[in-house]
$ cat run_26.cif   # mmCIF, C-alpha atoms and all ligand atoms
data_protein
loop_
_atom_site.label_atom_id
_atom_site.label_comp_id
_atom_site.auth_asym_id
_atom_site.auth_seq_id
_atom_site.Cartn_x
_atom_site.Cartn_y
_atom_site.Cartn_z
CA LYS A 1 0.62 -33.40 -14.26
CA PRO A 2 3.80 -31.34 -14.55
CA VAL A 3 4.25 -28.66 -11.95
CA PRO A 4 4.42 -25.27 -13.67
CA SER A 5 7.46 -23.19 -12.99
CA ASP A 6 6.99 -20.16 -10.78
CA ALA A 7 7.43 -17.83 -13.71
CA VAL A 8 4.71 -19.52 -15.71
CA SER A 9 2.19 -19.61 -12.88
CA LEU A 10 2.87 -15.99 -11.93
CA LYS A 11 2.25 -14.95 -15.50
CA SER A 12 -1.07 -16.81 -15.59
CA ILE A 13 -2.08 -15.00 -12.41
CA LEU A 14 -1.17 -11.62 -13.84
CA ASP A 15 -3.13 -12.42 -17.00
CA LEU A 16 -6.24 -13.05 -14.90
CA ASP A 17 -7.09 -9.37 -14.64
CA GLU A 18 -6.86 -8.95 -18.41
CA THR A 19 -9.16 -11.81 -19.19
CA LEU A 20 -11.57 -11.87 -16.27
CA ASN A 21 -14.98 -10.48 -16.94
CA TYR A 22 -15.46 -8.59 -13.72
CA GLY A 23 -19.04 -7.90 -12.67
CA SER A 24 -20.47 -4.40 -12.74
CA ARG A 25 -21.15 -1.79 -10.10
CA PRO A 26 -23.16 0.78 -12.08
CA ALA A 27 -22.67 3.68 -9.64
CA VAL A 28 -18.88 3.55 -9.65
CA GLN A 29 -16.03 3.38 -12.16
CA THR A 30 -14.78 -0.20 -12.42
CA ARG A 31 -12.13 0.11 -15.17
CA THR A 32 -9.57 2.80 -15.87
CA SER A 33 -9.13 4.29 -19.34
CA TRP A 34 -6.16 1.91 -19.77
CA ASN A 35 -8.40 -1.01 -18.77
CA ALA A 36 -7.03 -1.75 -15.29
CA PRO A 37 -9.75 -3.09 -12.98
CA ILE A 38 -10.82 -0.97 -10.01
CA MET A 39 -11.74 -3.50 -7.35
CA TRP A 40 -15.14 -2.93 -5.79
CA GLU A 41 -17.14 -5.37 -3.68
CA LEU A 42 -19.50 -7.56 -5.77
CA MET A 43 -17.34 -7.21 -8.89
CA PHE A 44 -15.26 -10.30 -8.33
CA ASP A 45 -15.40 -13.90 -7.17
CA ALA A 46 -13.10 -14.18 -4.16
CA ASN A 47 -12.95 -17.98 -4.42
CA LEU A 48 -11.75 -17.82 -7.99
CA HIS A 49 -8.90 -15.52 -7.03
CA ASP A 50 -7.96 -17.68 -4.07
CA LYS A 51 -7.97 -20.82 -6.20
CA ALA A 52 -5.72 -19.29 -8.86
CA HIS A 53 -3.30 -18.01 -6.23
CA ARG A 54 -3.32 -21.34 -4.41
CA GLU A 55 -2.27 -23.04 -7.65
CA ALA A 56 0.42 -20.44 -8.21
CA ASN A 57 1.80 -20.91 -4.67
CA THR A 58 1.43 -17.21 -4.02
CA SER A 59 3.28 -15.76 -1.04
CA VAL A 60 3.06 -12.18 0.18
CA ALA A 61 5.45 -9.91 2.07
CA VAL A 62 4.05 -6.96 4.00
CA THR A 63 6.16 -3.94 4.90
CA VAL A 64 5.04 -1.72 7.75
CA PHE A 65 6.91 0.98 9.64
CA ALA A 66 6.37 1.63 13.34
CA VAL A 67 8.92 4.23 14.38
CA GLY A 68 8.88 6.02 17.72
CA ARG A 69 5.48 6.35 19.35
CA TYR A 70 3.68 4.89 16.35
CA LEU A 71 4.76 1.47 17.62
CA GLU A 72 2.76 1.49 20.83
CA ALA A 73 -0.04 3.50 19.26
CA TYR A 74 -0.80 1.38 16.20
CA LEU A 75 1.29 -1.74 15.56
CA ASN A 76 -0.61 -4.36 17.56
CA THR A 77 -3.98 -3.38 16.13
CA PHE A 78 -2.55 -3.42 12.62
CA LEU A 79 -1.03 -6.88 13.01
CA THR A 80 -3.82 -8.61 14.95
CA SER A 81 -6.46 -7.28 12.55
CA ALA A 82 -4.33 -8.35 9.56
CA GLU A 83 -4.28 -11.87 10.97
CA LYS A 84 -8.09 -11.83 10.85
CA HIS A 85 -8.54 -10.41 7.34
CA PHE A 86 -5.37 -10.12 5.22
CA MET A 87 -4.71 -12.90 2.70
CA LEU A 88 -6.12 -15.57 5.00
CA GLY A 89 -4.80 -19.04 4.27
CA PHE A 90 -1.78 -17.74 2.35
CA PRO A 91 1.82 -17.48 3.45
CA VAL A 92 2.41 -13.93 4.66
CA THR A 93 5.51 -12.47 6.27
CA TYR A 94 5.26 -9.12 8.02
CA TYR A 95 8.41 -7.02 7.89
CA VAL A 96 8.16 -4.55 10.77
CA PHE A 97 10.64 -1.67 10.55
CA THR A 98 11.21 0.11 13.82
CA ASP A 99 13.80 1.93 15.89
CA LEU A 100 12.53 0.02 18.96
CA PRO A 101 12.84 -3.68 18.07
CA ASP A 102 12.67 -4.78 21.72
CA GLN A 103 9.25 -3.24 22.11
CA VAL A 104 7.58 -5.26 19.36
CA GLN A 105 5.23 -7.66 21.12
CA ASN A 106 4.63 -11.25 20.16
CA ILE A 107 1.29 -11.69 18.52
CA ALA A 108 -0.42 -14.97 17.64
CA LEU A 109 0.26 -15.84 13.98
CA ALA A 110 -1.59 -18.45 11.94
CA PRO A 111 0.44 -21.32 10.39
CA GLY A 112 2.56 -20.20 7.46
CA ARG A 113 2.69 -16.65 8.70
CA LYS A 114 5.78 -14.96 10.06
CA LEU A 115 6.93 -11.70 11.54
CA LYS A 116 10.38 -10.23 11.06
CA VAL A 117 11.56 -7.16 12.91
CA VAL A 118 14.17 -4.98 11.24
CA GLN A 119 15.84 -2.09 13.02
CA VAL A 120 15.88 1.27 11.26
CA GLU A 121 17.08 4.66 12.35
CA LYS A 122 14.64 7.28 13.52
CA TYR A 123 14.81 10.40 11.40
CA SER A 124 14.21 13.55 13.41
CA ARG A 125 11.74 15.05 10.93
CA TRP A 126 8.50 13.10 10.50
CA GLN A 127 8.50 13.96 6.82
CA ASP A 128 11.74 11.97 6.58
CA ILE A 129 10.33 9.07 8.63
CA SER A 130 7.62 8.85 6.01
CA MET A 131 9.68 9.55 2.88
CA MET A 132 12.69 7.42 3.72
CA ARG A 133 10.48 4.35 3.85
CA MET A 134 11.01 4.21 0.08
CA LYS A 135 14.74 3.63 0.51
CA THR A 136 14.21 0.85 3.05
CA ILE A 137 11.52 -0.81 0.94
CA SER A 138 13.81 -0.84 -2.08
CA GLU A 139 16.67 -2.33 -0.07
CA VAL A 140 14.64 -5.08 1.57
CA ILE A 141 13.15 -6.12 -1.78
CA GLU A 142 16.62 -6.24 -3.32
CA ASN A 143 18.26 -8.08 -0.43
CA GLU A 144 15.52 -10.42 0.71
CA LEU A 145 11.99 -10.26 -0.65
CA GLN A 146 12.65 -10.85 -4.35
CA HIS A 147 14.01 -14.31 -3.63
CA SER A 148 11.09 -15.53 -1.52
CA PHE A 149 7.84 -13.73 -2.30
CA SER A 150 5.60 -13.37 -5.33
CA PHE A 151 4.11 -10.08 -4.12
CA VAL A 152 4.80 -7.29 -1.66
CA PHE A 153 2.30 -4.92 -0.09
CA CYS A 154 3.40 -1.74 1.72
CA PHE A 155 1.16 -0.27 4.41
CA ASP A 156 0.92 2.72 6.71
CA VAL A 157 0.66 1.35 10.26
CA ASP A 158 -2.19 3.63 11.40
CA GLN A 159 -4.93 1.44 9.98
CA GLU A 160 -7.08 -1.50 11.00
CA PHE A 161 -8.39 -4.37 8.88
CA LYS A 162 -12.14 -4.84 9.18
CA GLY A 163 -13.07 -7.18 6.32
CA ARG A 164 -11.56 -9.44 3.69
CA PHE A 165 -8.43 -7.99 2.09
CA GLY A 166 -7.64 -10.96 -0.11
CA THR A 167 -5.88 -12.21 -3.21
CA GLU A 168 -8.18 -10.18 -5.44
CA ALA A 169 -6.06 -7.20 -4.36
CA LEU A 170 -2.87 -8.73 -5.79
CA GLY A 171 -1.55 -7.62 -9.14
CA GLU A 172 1.57 -6.57 -10.96
CA SER A 173 1.37 -2.94 -9.84
CA VAL A 174 -1.40 -1.97 -7.44
CA ALA A 175 -2.48 1.55 -6.44
CA MET A 176 -4.99 2.73 -3.86
CA LEU A 177 -7.70 5.30 -4.63
CA HIS A 178 -7.64 7.94 -1.89
CA ALA A 179 -10.97 7.88 -0.05
CA HIS A 180 -11.18 11.67 0.19
CA TYR A 181 -10.57 12.29 -3.52
CA TYR A 182 -12.17 9.51 -5.53
CA LYS A 183 -15.35 11.52 -6.07
CA LEU A 184 -13.76 14.94 -6.47
CA PRO A 185 -12.99 16.65 -9.79
CA LYS A 186 -9.36 16.48 -10.89
CA ASN A 187 -8.75 20.16 -10.20
CA ARG A 188 -9.12 19.39 -6.49
CA PHE A 189 -6.37 16.74 -6.46
CA THR A 190 -3.48 17.76 -4.22
CA TYR A 191 -0.64 16.88 -6.58
CA ASP A 192 2.61 18.73 -6.15
CA ARG A 193 2.34 21.93 -8.20
CA ASN A 194 5.84 23.27 -7.70
CA PRO A 195 7.78 23.02 -10.98
CA LYS A 196 11.00 22.86 -8.94
CA SER A 197 9.99 19.52 -7.41
CA LYS A 198 10.44 16.20 -9.20
CA ALA A 199 6.92 15.35 -8.05
CA PHE A 200 5.45 18.26 -10.03
CA MET A 201 2.52 17.32 -12.20
CA GLU A 202 -0.13 19.38 -13.94
CA SER A 203 -2.66 16.66 -14.61
CA GLY A 204 -3.19 13.05 -13.63
CA ASP A 205 -5.60 10.15 -13.68
CA PHE A 206 -6.60 9.75 -10.03
CA TYR A 207 -5.36 10.84 -6.62
CA TYR A 208 -3.68 7.81 -5.08
CA HIS A 209 -3.13 7.16 -1.38
CA ALA A 210 0.40 6.23 -0.32
CA ALA A 211 -0.96 4.36 2.72
CA ILE A 212 -1.23 1.21 0.57
CA PHE A 213 0.62 0.14 -2.55
CA GLY A 214 1.84 -3.19 -3.80
CA GLY A 215 2.66 -5.49 -6.65
CA THR A 216 5.35 -7.89 -7.73
CA CYS A 217 8.71 -7.41 -6.08
CA GLN A 218 10.16 -6.06 -9.30
CA GLN A 219 7.42 -3.48 -9.81
CA VAL A 220 7.40 -2.26 -6.22
CA LYS A 221 11.17 -1.93 -6.27
CA THR A 222 10.93 0.21 -9.41
CA LEU A 223 8.33 2.38 -7.67
CA ALA A 224 10.37 2.73 -4.48
CA ASP A 225 13.57 3.56 -6.40
CA PHE A 226 11.76 6.17 -8.49
CA CYS A 227 10.30 7.86 -5.40
CA TYR A 228 13.49 7.68 -3.38
CA LEU A 229 15.69 9.09 -6.16
CA ASN A 230 13.26 11.95 -6.76
CA ILE A 231 12.98 12.65 -3.02
CA MET A 232 16.78 12.89 -2.81
CA GLU A 233 17.00 15.08 -5.90
CA ASP A 234 14.44 17.42 -4.32
CA LYS A 235 16.58 17.57 -1.18
CA LEU A 236 19.60 18.59 -3.27
CA ASN A 237 17.47 21.31 -4.80
CA GLY A 238 16.15 22.45 -1.43
CA VAL A 239 12.51 21.59 -2.13
CA GLU A 240 10.05 19.13 -0.62
CA ALA A 241 6.94 17.87 -2.36
CA LEU A 242 3.58 18.95 -0.95
CA TRP A 243 2.58 15.54 0.40
CA HIS A 244 6.06 14.06 0.64
CA ASP A 245 6.32 10.45 -0.56
CA GLU A 246 2.66 10.51 -1.59
CA SER A 247 3.33 13.26 -4.14
CA HIS A 248 6.16 11.23 -5.66
CA LEU A 249 4.00 8.10 -5.67
CA ASN A 250 1.31 9.97 -7.59
CA LYS A 251 3.90 11.07 -10.12
CA TYR A 252 5.14 7.49 -10.46
CA PHE A 253 1.67 6.08 -11.13
CA TRP A 254 1.04 8.86 -13.67
CA VAL A 255 4.12 7.88 -15.63
CA HIS A 256 3.82 4.11 -15.00
CA LYS A 257 0.14 3.20 -14.95
CA PRO A 258 -0.87 0.70 -12.26
CA THR A 259 -2.36 -2.58 -13.49
CA LYS A 260 -4.95 -2.68 -10.70
CA LEU A 261 -6.64 -0.08 -8.51
CA LEU A 262 -8.24 -0.70 -5.15
CA SER A 263 -11.51 1.04 -4.38
CA PRO A 264 -11.74 3.10 -1.18
CA GLU A 265 -13.40 0.05 0.40
CA TYR A 266 -9.79 -1.05 0.89
CA CYS A 267 -8.77 2.05 2.87
CA TRP A 268 -11.73 3.93 4.25
CA ASP A 269 -11.86 6.94 6.56
CA MET A 270 -14.78 6.62 9.01
CA TYR A 271 -15.03 10.41 9.16
CA ILE A 272 -16.34 10.57 5.58
CA GLY A 273 -20.10 11.08 5.65
CA ASP A 274 -21.10 9.77 2.22
CA ILE A 275 -20.76 5.99 2.40
CA SER A 276 -23.20 5.20 -0.42
CA ASP A 277 -20.52 3.46 -2.53
CA ILE A 278 -18.93 1.57 0.33
CA LEU A 279 -20.53 -1.88 0.59
CA LEU A 280 -17.81 -3.33 2.79
CA LYS A 281 -15.14 -1.63 4.85
CA ARG A 282 -12.11 -3.84 4.42
CA LEU A 283 -9.68 -1.54 6.21
CA ILE A 284 -10.19 1.75 7.99
CA TRP A 285 -7.93 4.56 9.06
CA ALA A 286 -7.12 4.49 12.75
CA PRO A 287 -8.24 7.64 14.52
CA LYS A 288 -5.47 10.24 14.23
CA GLN A 289 -3.83 10.96 17.57
CA TYR A 290 -2.27 14.21 16.42
CA GLU A 291 -2.12 15.77 19.89
CA LYS A 292 -0.30 12.82 21.36
CA LEU A 293 1.89 11.77 18.44
CA ARG A 294 2.63 14.82 16.37
CA THR A 295 3.65 17.34 18.97
CA ARG A 296 7.32 17.97 18.55
C1 LIG B 301 4.29 10.77 10.87
C2 LIG B 301 3.80 12.07 10.89
C3 LIG B 301 3.89 12.85 12.05
C4 LIG B 301 4.46 12.30 13.17
C5 LIG B 301 4.94 11.00 13.14
C6 LIG B 301 4.88 10.22 12.00
C7 LIG B 301 5.37 8.85 11.98
C8 LIG B 301 5.09 8.03 10.88
C9 LIG B 301 6.07 8.28 13.07
O1 LIG B 301 6.39 8.92 14.09
N1 LIG B 301 6.41 6.96 13.03
C10 LIG B 301 6.13 6.19 11.96
O2 LIG B 301 6.41 4.98 11.97
N2 LIG B 301 5.50 6.72 10.87
C11 LIG B 301 5.23 5.86 9.70
O3 LIG B 301 4.97 6.64 8.54
C12 LIG B 301 3.99 5.01 9.96
O4 LIG B 301 4.10 3.77 9.29
C13 LIG B 301 2.90 5.86 9.35
O5 LIG B 301 1.72 5.14 9.07
C14 LIG B 301 3.62 6.38 8.11
C15 LIG B 301 3.02 7.67 7.50
O6 LIG B 301 2.73 8.60 8.53
P1 LIG B 301 1.21 8.93 8.91
O7 LIG B 301 0.42 7.65 8.83
O8 LIG B 301 1.16 9.68 10.17
O9 LIG B 301 0.82 9.91 7.76
P2 LIG B 301 -0.62 10.07 7.00
O10 LIG B 301 -1.59 9.05 7.47
O11 LIG B 301 -1.02 11.49 7.06
O12 LIG B 301 -0.10 9.68 5.58
C16 LIG B 301 -0.23 10.02 4.26
O13 LIG B 301 0.76 11.00 3.90
C17 LIG B 301 2.12 10.62 4.22
C18 LIG B 301 3.04 11.72 3.74
O14 LIG B 301 2.79 12.92 4.43
C19 LIG B 301 2.49 9.30 3.58
O15 LIG B 301 2.53 9.44 2.18
C20 LIG B 301 1.48 8.23 3.93
O16 LIG B 301 1.77 7.01 3.26
C21 LIG B 301 0.06 8.70 3.56
O17 LIG B 301 -0.87 7.72 3.98
MN MN B 302 -1.32 7.02 7.83
#
$ encode --input "run_26.cif" --output "structure tokens" --more "lines below"
Ligand code: 2GW
Ligand code: MN
Amino acid sequence: KPVPSDAVSLKSILDLDETLNYGSRPAVQTRTSWNAPIMWELMFDANLHDKAHREANTSVAVTVFAVGRYLEAYLNTFLTSAEKHFMLGFPVTYYVFTDLPDQVQNIALAPGRKLKVVQVEKYSRWQDISMMRMKTISEVIENELQHSFSFVFCFDVDQEFKGRFGTEALGESVAMLHAHYYKLPKNRFTYDRNPKSKAFMESGDFYYHAAIFGGTCQQVKTLADFCYLNIMEDKLNGVEALWHDESHLNKYFWVHKPTKLLSPEYCWDMYIGDISDILLKRLIWAPKQYEKLRTR
């Protein structure tokens, strides 16, 4: 049996979402108006996704930033919990970006899994620590990831995996539904409303959470470039979008529709009272340590 080329097998994987007849979850929206699946527990067969990705030799790069005190506060929990739940059985390389490379601890990694530490500068404003991730993500995809990985997922570090976060989450361009907004009417979405900002938008589809986004290397690079260029143009114009990189990410996914959405089961805030839709918490927000970490 001839071995399919990478390009062919990747295409067959990306076609999966078009053709798969995902199960239903009557209480929640499971397809967007442009027919992208919204991944909820019970909709999909995890084994089927794993099998297809096994055949396609899927490999995944993770980017995560742990700058300043966020390293000691969150990084170990993020990584050790990812080793228990994130793409188990698949090759995964964590790219940890930090200003304190010596302080990254060794954690036990399963076979096929790697950790690379990359030094970055520490911007003095936290808004820049967050926003400038887009520049670094674009550069690492260009210089390294595109040659070795089928997919890349970008994460906030202040989160903990609690359940399967598997190959069903992979797709060409993947956006995360923000847990606080998925049930709210659109007029409550906190898009940037300043016409002077490049992130300005009057209407949208959903409110997406910048804590998790992913896709093929090419798609994520396009996203990161878009956000970074618009962030820099805002700086030249002396404006900053309401929610920083997240505002620009929402603008990006409005203009370039994602091919897959993750339900809030993939990024849940334990402080939300109504958990009626949440059958499985796959990842939760770490408790915010504002006092300790945000005092400047
Ligand atoms: C961020 C805010 C205030 C003080 C410090 C930091 C900080 C962030 C830091 O000192 N070091 C650091 O590595 N970070 C990285 O930026 C880290 O990976 C963190 O998860 C990420 C975003 O900051 P975070 O998690 O404190 O912001 P959230 O959870 O309120 O994030 C949402 O909004 C942000 C923009 O304001 C981003 O779009 C983020 O992706 C969203 O989840
Ligand atoms: Mn966060």
$ residues_around --input "run_26.cif" --residues "His248 of chain A" --least-positions-apart "3" --cutoff "6 Å" --atoms "all atoms listed in the file" --output "PyMOL selection string"
chain A and resi 199+227+245+251
$ write_last_selection --input "run_26.cif" --atoms "C-alpha atoms" --output "short mmCIF file (atom, residue, chain, number, x, y, z; two decimals), in the frame of the given file"
data_model
loop_
_atom_site.label_atom_id
_atom_site.label_comp_id
_atom_site.auth_asym_id
_atom_site.auth_seq_id
_atom_site.Cartn_x
_atom_site.Cartn_y
_atom_site.Cartn_z
CA ALA A 199 6.92 15.35 -8.05
CA CYS A 227 10.30 7.86 -5.40
CA ASP A 245 6.32 10.45 -0.56
CA LYS A 251 3.90 11.07 -10.12
#
$ residues_around --input "run_26.cif" --residues "Gly163 of chain A" --least-positions-apart "5" --cutoff "9 Å" --atoms "only C-alpha atoms" --output "PyMOL selection string"
chain A and resi 84-86+266+280-283
$ residues_near_ligand --input "run_26.cif" --ligand "ligand LIG 301 (chain B)" --cutoff "6 Å" --atoms "all atoms listed in the file" --output "number ranges by chain"
A: 64-70, 126, 129-130, 156-158, 209-211, 243-246, 293-294
$ closest_residue --input "run_26.cif" --among "A:Leu242, A:Leu279, A:Val92, A:Ile284" --to "ligand MN 302 (chain B)" --atoms "only C-alpha atoms and all ligand atoms"
A:Ile284
$ atom_distance --input "run_26.cif" --atom1 "atom CA of Asp45 of chain A" --atom2 "atom CA of Gly166 of chain A"
10.9 Å
$ closest_residue --input "run_26.cif" --among "A:Thr63, A:Ser9, A:Gln159, A:Gln127" --to "Thr80 of chain A" --atoms "only C-alpha atoms"
A:Gln159
$ residues_around --input "run_26.cif" --residues "Cys217 of chain A" --least-positions-apart "4" --cutoff "9 Å" --atoms "all atoms listed in the file" --output "list of chain:residue names"
A:Ile141, A:Glu142, A:Leu145, A:Gln146, A:Phe149, A:Ser150, A:Phe151, A:Val152, A:Glu172, A:Lys221, A:Thr222
$ closest_residue --input "run_26.cif" --among "A:Asp225, A:Asp269, A:Asp234, A:Asp50" --to "Leu249 of chain A" --atoms "all atoms listed in the file"
A:Asp225
$ atom_distance --input "run_26.cif" --atom1 "atom CA of Thr58 of chain A" --atom2 "atom CA of Val174 of chain A"
15.9 Å
$ closest_residue --input "run_26.cif" --among "A:Ala169, A:Val117, A:Leu88, A:Ala73" --to "Leu261 of chain A" --atoms "all atoms listed in the file"
A:Ala169
$ closest_residue --input "run_26.cif" --among "A:Thr216, A:Asn187, A:Thr77, A:Ser203" --to "Trp285 of chain A" --atoms "all atoms listed in the file"
A:Thr77
$ atom_distance --input "run_26.cif" --atom1 "atom CA of Met201 of chain A" --atom2 "atom CA of Tyr181 of chain A"
16.5 Å
$ closest_residue --input "run_26.cif" --among "A:Glu265, A:Asp274, A:Glu160, A:Asp15" --to "ligand MN 302 (chain B)" --atoms "all atoms listed in the file"
A:Glu160
$ residues_around --input "run_26.cif" --residues "segment 19-35 of chain A" --least-positions-apart "6" --cutoff "7 Å" --atoms "all atoms listed in the file" --output "VMD selection string"
chain A and resid 42 to 44
$ residues_near_point --input "run_26.cif" --point "(-5.3, -3.3, -10.8)" --cutoff "6 Å" --atoms "all atoms listed in the file" --output "number ranges by chain"
A: 36-37, 171, 174, 259-261
$ residues_around --input "run_26.cif" --residues "Phe253 of chain A" --least-positions-apart "5" --cutoff "10 Å" --atoms "only C-alpha atoms" --output "JSON, numbers by chain"
{"A": [173, 174, 175, 204, 205, 206, 207, 208, 223, 248, 258, 259]}
